[in-house]
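One structure below.
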Amino acid sequence: MDSNRTDPNRTDPNQTDANPPSPAPADTPVCKRLRTKMYYVVGREHVNLRESSPTAQYWCSLTATVIGPDDETCSPETCQPDRACFETE
């Protein structure tokens, strides 16, 4: 496909082959307490917890609920180093 043409299957009509979407940085921090069902199905090393999935449900392994110990919701975007309960891997 011509790199200047837009792929009609892309969700962003301004996205071209010359400018593919950038993946989440490999150094994005991930709280070691963040969990999803797939964490247990395929193993942590096979689950990308650096960006949210629209179908995943996230929870904290300390509280076993969708609310962390600091009473905030759990997700890759919210379970960041600025939270008091954040634990590095």
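All residue names refer to the structure tokens as shown: chains lettered A, B, ... in order, residues numbered from 1 in each chain, ligands numbered from 1 in order.
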Q.
Excluding Lys32 (chain A) and its own-chain neighbours fewer than 3 positions away, which residues fall within 6 Å of it when counting only C-alpha atoms? Please give them as a list in words.
A. Glu87, Thr88 and Glu89 of chain A
Store the residues picked out above in a file with N, CA and C atoms, as a PDB file, in the first residue's frame.
ATOM      1  N   GLU A  87       3.206   0.201  44.073  1.00  0.00           N
ATOM      2  CA  GLU A  87       4.360  -0.653  44.378  1.00  0.00           C
ATOM      3  C   GLU A  87       5.035  -1.030  43.075  1.00  0.00           C
ATOM      4  N   THR A  88       6.336  -0.818  43.000  1.00  0.00           N
ATOM      5  CA  THR A  88       7.069  -1.189  41.785  1.00  0.00           C
ATOM      6  C   THR A  88       7.245  -2.701  41.743  1.00  0.00           C
ATOM      7  N   GLU A  89       7.523  -3.177  40.546  1.00  0.00           N
ATOM      8  CA  GLU A  89       7.697  -4.621  40.361  1.00  0.00           C
ATOM      9  C   GLU A  89       8.970  -5.105  40.984  1.00  0.00           C
TER      10      GLU A  89
END
Do you know which residues are at most 9 Å from Arg83 (chain A) counting only C-alpha atoms, after dropping those on the same chain fewer than 4 positions away, and could you put them as a JSON list (two decimals) with C-alpha atoms, in the first residue's frame?
[["chain", "number", "residue", "atom", "x", "y", "z"],
["A", 70, "ASP", "CA", -6.38, 4.88, 48.68],
["A", 78, "THR", "CA", -4.61, 5.53, 37.47],
["A", 79, "CYS", "CA", -2.24, 3.02, 39.13]]
Margin query: List the spatial neighbours of Arg33 (chain A) as number ranges by chain - criterion: any atom at most 10 Å away, only C-alpha atoms, same-chain residues fewer than 5 positions off excluded.
Written below: A: 59-64, 68, 74, 79, 85-89
Exercise for review: as a VMD selection string, please: all residues of region 39-72 of chain A that backbone DSSP puts in strand (DSSP E or B).
Suggested key: chain A and resid 59 to 60 65 67
Selection near Val30 (chain A), 7 Å with only C-alpha atoms, sequence-local residues under 4 positions removed, as a list in words
Leu49, Arg50, Pro76, Gln80 and Thr88 of chain A
